[in-house]
$ cat input-v7.cif   # mmCIF, C-alpha atoms and all ligand atoms
data_query
loop_
_atom_site.label_atom_id
_atom_site.label_comp_id
_atom_site.auth_asym_id
_atom_site.auth_seq_id
_atom_site.Cartn_x
_atom_site.Cartn_y
_atom_site.Cartn_z
CA MET A 1 -11.95 -93.58 -22.31
CA LYS A 2 -10.34 -96.19 -24.53
CA LYS A 3 -12.97 -98.67 -25.69
CA SER A 4 -11.36 -102.07 -25.82
CA LYS A 5 -12.42 -105.64 -25.21
CA TRP A 6 -9.89 -106.06 -22.42
CA LEU A 7 -8.48 -103.47 -20.03
CA GLN A 8 -5.11 -103.98 -18.44
CA SER A 9 -3.12 -102.59 -15.58
CA ALA A 10 0.00 -100.83 -16.88
CA ILE A 11 1.88 -101.92 -13.74
CA LEU A 12 0.95 -105.62 -13.98
CA ALA A 13 1.59 -105.58 -17.72
CA ARG A 14 5.28 -104.86 -17.01
CA TYR A 15 5.68 -108.42 -15.73
CA SER A 16 6.34 -110.80 -18.60
CA GLY A 17 5.43 -113.85 -16.53
CA ILE A 18 1.88 -112.65 -15.97
CA LEU A 19 -1.20 -112.80 -18.17
CA HIS A 20 -4.06 -110.65 -16.92
CA GLY A 21 -7.04 -108.60 -17.99
CA PHE A 22 -10.42 -107.11 -17.14
CA SER A 23 -12.99 -107.90 -19.80
CA THR A 24 -15.44 -105.21 -20.89
CA SER A 25 -18.96 -105.58 -22.26
CA LEU A 26 -17.47 -105.19 -25.77
CA ILE A 27 -16.25 -108.79 -25.67
CA GLY A 28 -19.41 -110.20 -24.11
CA ASP A 29 -20.99 -111.52 -20.96
CA ALA A 30 -19.06 -113.69 -18.49
CA SER A 31 -22.14 -114.71 -16.48
CA SER A 32 -21.76 -118.37 -17.35
CA ALA A 33 -18.66 -120.43 -16.66
CA GLU A 34 -18.61 -121.59 -20.28
CA GLN A 35 -18.59 -118.03 -21.62
CA SER A 36 -15.88 -117.08 -19.13
CA VAL A 37 -13.68 -119.88 -20.44
CA LEU A 38 -14.18 -118.64 -24.02
CA LEU A 39 -13.34 -115.08 -23.01
CA SER A 40 -10.19 -116.16 -21.18
CA CYS A 41 -9.09 -118.16 -24.24
CA SER A 42 -9.05 -114.91 -26.20
CA LEU A 43 -6.34 -113.70 -23.80
CA GLY A 44 -4.25 -116.84 -24.31
CA VAL A 45 -5.53 -119.05 -21.47
CA LYS A 46 -6.19 -122.68 -22.38
CA LYS A 47 -9.66 -124.17 -21.97
CA ASN A 48 -8.91 -126.22 -18.86
CA GLN A 49 -6.86 -123.56 -17.07
CA LEU A 50 -9.50 -121.15 -15.76
CA GLN A 51 -10.57 -121.45 -12.12
CA LEU A 52 -13.69 -119.47 -11.23
CA MET A 53 -15.45 -119.13 -7.88
CA SER A 54 -19.01 -119.54 -6.75
CA GLN A 55 -18.92 -116.08 -5.20
CA GLN A 56 -20.68 -115.70 -1.87
CA HIS A 57 -20.24 -112.03 -0.87
CA GLY A 58 -18.26 -113.28 2.11
CA CYS A 59 -14.62 -113.44 3.04
CA ASP A 60 -13.67 -117.10 2.67
CA ILE A 61 -10.43 -117.60 0.77
CA LYS A 62 -9.04 -120.74 -0.83
CA ILE A 63 -5.51 -121.67 -1.83
CA ILE A 64 -5.58 -123.95 -4.87
CA ASN A 65 -2.97 -126.06 -6.63
CA ASP A 66 -5.06 -127.15 -9.60
CA VAL A 67 -8.32 -126.30 -11.34
CA GLU A 68 -11.21 -127.60 -9.22
CA ARG A 69 -14.81 -128.59 -9.90
CA PRO A 70 -17.33 -127.88 -8.50
CA LEU A 71 -16.40 -124.24 -8.13
CA PRO A 72 -15.20 -123.39 -4.62
CA ARG A 73 -17.72 -121.31 -2.64
CA VAL A 74 -15.33 -118.51 -1.78
CA ASP A 75 -14.62 -114.87 -2.68
CA ALA A 76 -10.86 -115.08 -3.13
CA LEU A 77 -8.44 -117.55 -4.65
CA ILE A 78 -4.68 -117.81 -4.26
CA THR A 79 -2.21 -119.99 -6.14
CA ASN A 80 1.52 -120.28 -6.75
CA VAL A 81 1.03 -122.73 -9.62
CA ARG A 82 1.87 -121.64 -13.14
CA GLY A 83 -0.86 -122.33 -15.68
CA VAL A 84 -3.73 -121.96 -13.21
CA ALA A 85 -5.76 -118.88 -14.17
CA LEU A 86 -7.77 -117.26 -11.39
CA GLY A 87 -11.00 -115.53 -12.40
CA VAL A 88 -13.52 -113.28 -10.70
CA ARG A 89 -16.83 -112.18 -12.19
CA THR A 90 -18.37 -108.81 -11.36
CA ALA A 91 -20.90 -106.20 -12.48
CA ASP A 92 -20.38 -103.31 -9.95
CA CYS A 93 -18.50 -105.23 -7.26
CA VAL A 94 -14.75 -104.69 -7.14
CA PRO A 95 -12.44 -107.17 -8.92
CA ILE A 96 -8.94 -107.22 -7.41
CA LEU A 97 -5.88 -108.97 -8.87
CA ILE A 98 -2.75 -109.37 -6.73
CA TYR A 99 0.77 -110.48 -7.70
CA ASP A 100 3.72 -111.19 -5.45
CA PRO A 101 6.64 -111.25 -7.93
CA GLN A 102 9.20 -112.32 -5.31
CA ASN A 103 7.49 -115.57 -4.34
CA ARG A 104 5.52 -115.92 -7.60
CA VAL A 105 2.07 -116.03 -6.02
CA ILE A 106 -1.17 -114.61 -7.44
CA ALA A 107 -4.64 -113.92 -6.06
CA ALA A 108 -8.03 -112.88 -7.42
CA VAL A 109 -10.58 -111.28 -5.10
CA HIS A 110 -14.28 -110.39 -5.35
CA ALA A 111 -15.39 -107.56 -3.08
CA GLY A 112 -18.85 -106.06 -2.96
CA TRP A 113 -19.78 -103.87 -0.02
CA ARG A 114 -20.16 -106.91 2.22
CA GLY A 115 -16.72 -108.23 1.27
CA GLY A 116 -15.37 -104.70 1.64
CA ALA A 117 -16.83 -104.42 5.12
CA GLU A 118 -15.29 -107.79 6.04
CA HIS A 119 -11.89 -106.89 4.54
CA VAL A 120 -11.71 -109.81 2.12
CA ALA A 121 -8.89 -108.13 0.14
CA GLY A 122 -6.75 -107.46 3.20
CA LYS A 123 -7.39 -110.97 4.52
CA THR A 124 -6.24 -112.39 1.19
CA VAL A 125 -2.93 -110.53 1.49
CA ASP A 126 -2.63 -111.77 5.09
CA LEU A 127 -3.08 -115.37 3.92
CA MET A 128 -0.44 -114.85 1.23
CA LYS A 129 1.90 -113.60 3.97
CA HIS A 130 1.26 -116.62 6.20
CA SER A 131 1.23 -119.29 3.51
CA PHE A 132 3.81 -118.07 1.00
CA ASN A 133 5.98 -115.67 2.97
CA THR A 134 4.68 -112.79 0.86
CA LYS A 135 5.92 -109.36 1.87
CA ALA A 136 3.16 -106.82 1.31
CA PRO A 137 5.48 -104.07 -0.02
CA ASP A 138 6.49 -106.40 -2.87
CA CYS A 139 2.91 -106.92 -4.06
CA ILE A 140 1.37 -105.40 -7.17
CA VAL A 141 -2.40 -104.88 -7.16
CA ALA A 142 -4.79 -104.05 -9.99
CA ILE A 143 -8.34 -102.91 -9.23
CA GLY A 144 -10.69 -103.15 -12.19
CA PRO A 145 -13.92 -101.40 -13.15
CA ALA A 146 -16.42 -101.15 -10.28
CA ILE A 147 -19.24 -98.88 -9.24
CA GLY A 148 -17.87 -95.51 -8.18
CA GLU A 149 -18.98 -93.22 -5.39
CA CYS A 150 -20.70 -91.10 -8.08
CA CYS A 151 -23.33 -93.84 -8.52
CA PHE A 152 -23.27 -95.85 -5.29
CA GLU A 153 -25.82 -94.38 -2.94
CA VAL A 154 -26.31 -96.74 -0.01
CA GLY A 155 -28.22 -96.87 3.26
CA GLN A 156 -26.94 -95.86 6.65
CA GLU A 157 -26.46 -99.50 7.66
CA VAL A 158 -23.85 -99.81 4.90
CA ILE A 159 -22.25 -96.42 5.54
CA ASP A 160 -21.79 -97.41 9.20
CA LYS A 161 -19.48 -100.28 8.20
CA PHE A 162 -16.93 -98.04 6.46
CA PRO A 163 -14.52 -95.31 7.52
CA SER A 164 -15.74 -91.78 6.82
CA SER A 165 -12.83 -91.33 4.38
CA SER A 166 -14.60 -93.65 1.93
CA VAL A 167 -18.01 -91.98 2.19
CA ALA A 168 -18.97 -88.96 0.07
CA GLY A 169 -21.76 -86.61 1.06
CA GLY A 170 -22.88 -88.92 3.85
CA THR A 171 -24.73 -91.22 1.43
CA HIS A 172 -22.36 -92.42 -1.30
CA LEU A 173 -19.88 -95.21 -0.68
CA ASP A 174 -16.51 -95.13 -2.45
CA LEU A 175 -15.91 -98.87 -2.28
CA PRO A 176 -12.75 -98.96 -4.43
CA ALA A 177 -11.23 -96.20 -2.26
CA ALA A 178 -12.10 -98.20 0.86
CA ILE A 179 -10.31 -101.20 -0.62
CA VAL A 180 -7.25 -99.13 -1.50
CA THR A 181 -7.10 -97.99 2.14
CA GLU A 182 -7.57 -101.56 3.37
CA LEU A 183 -4.69 -102.74 1.16
CA THR A 184 -2.32 -99.95 2.18
CA ASP A 185 -3.20 -100.72 5.83
CA THR A 186 -1.94 -104.26 5.25
CA GLY A 187 1.40 -102.91 4.00
CA ILE A 188 0.94 -102.62 0.24
CA LYS A 189 2.51 -99.50 -1.26
CA ARG A 190 0.03 -97.03 -2.74
CA ASP A 191 2.24 -96.70 -5.82
CA ASN A 192 1.91 -100.46 -6.37
CA ILE A 193 -1.89 -100.29 -6.51
CA ASP A 194 -3.20 -99.65 -10.01
CA TRP A 195 -6.81 -98.56 -9.60
CA LEU A 196 -8.28 -98.18 -13.07
CA ASN A 197 -10.90 -95.82 -11.61
CA ILE A 198 -13.66 -96.70 -14.06
CA CYS A 199 -17.24 -96.51 -12.81
CA THR A 200 -19.27 -99.39 -14.24
CA SER A 201 -22.51 -97.44 -13.93
CA CYS A 202 -21.19 -94.33 -15.72
CA GLU A 203 -19.46 -96.24 -18.53
CA LYS A 204 -22.52 -97.56 -20.29
CA GLY A 205 -20.77 -98.38 -23.57
CA LEU A 206 -18.01 -100.34 -21.87
CA CYS A 207 -19.34 -101.85 -18.66
CA PHE A 208 -22.12 -103.94 -17.26
CA SER A 209 -23.74 -102.48 -14.15
CA HIS A 210 -26.07 -104.42 -11.92
CA ARG A 211 -27.39 -101.26 -10.32
CA ARG A 212 -27.76 -99.16 -13.49
CA ASP A 213 -29.48 -101.99 -15.38
CA LYS A 214 -31.60 -103.09 -12.41
CA GLY A 215 -30.15 -106.59 -12.27
CA MET A 216 -30.68 -107.34 -15.97
CA THR A 217 -27.03 -107.25 -16.92
CA GLY A 218 -23.95 -109.29 -17.73
CA ARG A 219 -20.70 -109.88 -15.89
CA HIS A 220 -17.12 -108.86 -16.44
CA LEU A 221 -14.31 -111.37 -16.09
CA ALA A 222 -11.12 -110.35 -14.31
CA MET A 223 -8.34 -112.88 -14.79
CA ILE A 224 -4.73 -113.42 -13.78
CA MET A 225 -2.37 -116.29 -14.55
CA MET A 226 1.34 -116.96 -14.18
CA CYS A 227 2.98 -118.37 -17.26
CA ASP A 228 6.53 -119.41 -18.06
CA ILE A 229 9.07 -116.63 -18.28
ZN ZN B 301 -20.60 -93.48 -11.69
#
$ encode --input "input-v7.cif" --output "structure tokens"
Amino acid sequence: MKKSKWLQSAILARYSGILHGFSTSLIGDASSAEQSVLLSCSLGVKKNQLQLMSQQHGCDIKIINDVERPLPRVDALITNVRGVALGVRTADCVPILIYDPQNRVIAAVHAGWRGGAEHVAGKTVDLMKHSFNTKAPDCIVAIGPAIGECCFEVGQEVIDKFPSSSVAGGTHLDLPAAIVTELTDTGIKRDNIDWLNICTSCEKGLCFSHRRDKGMTGRHLAMIMMCDI
């Protein structure tokens, strides 16, 4: 495993009009909004460009045209405005970045098991379709570090909310795999989904993990922004 301050999707990185990254613990903790702004600046985002969310573990989605305060109480953001960076903060939950290169629209999604069960990622793509004429097969998706099925033992009440294809051994939820299925169900091509497949709990030197560290942990920042091309 390459130990770097930022991880990137090789597929998204092909697009010159996109700035994106998944921060690791090597660059620090994105728990606070102020720290997140500093981290994003190290990727080339300006101080007033980062839009974060007050994440709710739900499936509300907001389309934004400019950076907003207070933070919207949602779990997904969409914009077609250049220079607005969308950020999601996680420490086991799944960070998802979406790009529609045809219509120049981006989204950032936070999905824990609750958001996974409520299909927040698929609903975000649906809203991009309705609001921006996005065609799912055009979209590129990057899924960052998240807790893997190796380390995500959950109760039956959680298992019951997911298809058996994303459950291992009857007790372990493969949340990123469930999200990949959800996204392909909405029309996104599997080859256009770049799942980094890094388990936050296993990768102690690189990742924060809420579960591994019993809540005493930091947050990763996942960020995407359209810039001039
Ligand atoms: Zn693991």
$ residues_near_ligand --input "input-v7.cif" --ligand "ligand ZN 301 (chain B)" --cutoff "6 Å" --atoms "all atoms listed in the file" --output "MDAnalysis selection string"
chainID A and resid 148 150:151 199 201:202
$ atom_distance --input "input-v7.cif" --atom1 "atom CA of Ile27 of chain A" --atom2 "atom CA of Ile78 of chain A"
26.0 Å
$ closest_residue --input "input-v7.cif" --among "A:Leu221, A:Ile11, A:Val105, A:Lys46" --to "Ser32 of chain A" --atoms "all atoms listed in the file"
A:Leu221
$ closest_residue --input "input-v7.cif" --among "A:Asp100, A:Glu182, A:Asp160, A:Asp92" --to "His210 of chain A" --atoms "all atoms listed in the file"
A:Asp92
$ closest_residue --input "input-v7.cif" --among "A:Cys207, A:Met226, A:Ala107, A:Ile193" --to "Ala10 of chain A" --atoms "only C-alpha atoms"
A:Ile193
$ closest_residue --input "input-v7.cif" --among "A:Lys3, A:Arg69, A:Arg82, A:Lys123" --to "Asp185 of chain A" --atoms "all atoms listed in the file"
A:Lys123
$ residues_around --input "input-v7.cif" --residues "Val37 of chain A" --least-positions-apart "3" --cutoff "8 Å" --atoms "all atoms listed in the file" --output "mmCIF file with C-alpha atoms, in the coordinates of the input"
data_model
loop_
_atom_site.group_PDB
_atom_site.id
_atom_site.type_symbol
_atom_site.label_atom_id
_atom_site.label_comp_id
_atom_site.auth_asym_id
_atom_site.auth_seq_id
_atom_site.Cartn_x
_atom_site.Cartn_y
_atom_site.Cartn_z
ATOM 1 C CA ALA A 33 -18.660 -120.430 -16.660
ATOM 2 C CA GLU A 34 -18.610 -121.590 -20.280
ATOM 3 C CA SER A 40 -10.190 -116.160 -21.180
ATOM 4 C CA CYS A 41 -9.090 -118.160 -24.240
ATOM 5 C CA LYS A 47 -9.660 -124.170 -21.970
ATOM 6 C CA LEU A 50 -9.500 -121.150 -15.760
#
$ residues_near_point --input "input-v7.cif" --point "(-2.9, -101.8, -6.8)" --cutoff "6 Å" --atoms "all atoms listed in the file" --output "PyMOL selection string"
chain A and resi 140-142+192-195
$ atom_distance --input "input-v7.cif" --atom1 "atom CA of Leu71 of chain A" --atom2 "atom CA of Tyr15 of chain A"
28.2 Å
$ residues_around --input "input-v7.cif" --residues "Ala117 of chain A" --least-positions-apart "2" --cutoff "7 Å" --atoms "all atoms listed in the file" --output "count of residues only"
6
$ atom_distance --input "input-v7.cif" --atom1 "atom CA of Ile106 of chain A" --atom2 "atom CA of Lys189 of chain A"
16.7 Å
$ residues_around --input "input-v7.cif" --residues "Ile159 of chain A" --least-positions-apart "5" --cutoff "8 Å" --atoms "only C-alpha atoms" --output "JSON, numbers by chain"
{"A": [154, 167, 170, 171, 172, 173]}
$ write_last_selection --input "input-v7.cif" --atoms "C-alpha atoms" --output "PDB file, in the frame of the given file"
ATOM      1  CA  VAL A 154     -26.310 -96.740  -0.010  1.00  0.00           C
ATOM      2  CA  VAL A 167     -18.010 -91.980   2.190  1.00  0.00           C
ATOM      3  CA  GLY A 170     -22.880 -88.920   3.850  1.00  0.00           C
ATOM      4  CA  THR A 171     -24.730 -91.220   1.430  1.00  0.00           C
ATOM      5  CA  HIS A 172     -22.360 -92.420  -1.300  1.00  0.00           C
ATOM      6  CA  LEU A 173     -19.880 -95.210  -0.680  1.00  0.00           C
TER       7      LEU A 173
END
$ closest_residue --input "input-v7.cif" --among "A:Met225, A:Ile98, A:Asp191, A:Pro145" --to "Leu7 of chain A" --atoms "only C-alpha atoms"
A:Pro145
$ residues_around --input "input-v7.cif" --residues "Asn65 of chain A" --least-positions-apart "2" --cutoff "8 Å" --atoms "only C-alpha atoms" --output "list in words"
Ile63, Val67, Thr79, Asn80, Val81 and Val84 of chain A
$ closest_residue --input "input-v7.cif" --among "A:Arg89, A:His20, A:Lys129, A:Lys135" --to "Phe208 of chain A" --atoms "all atoms listed in the file"
A:Arg89
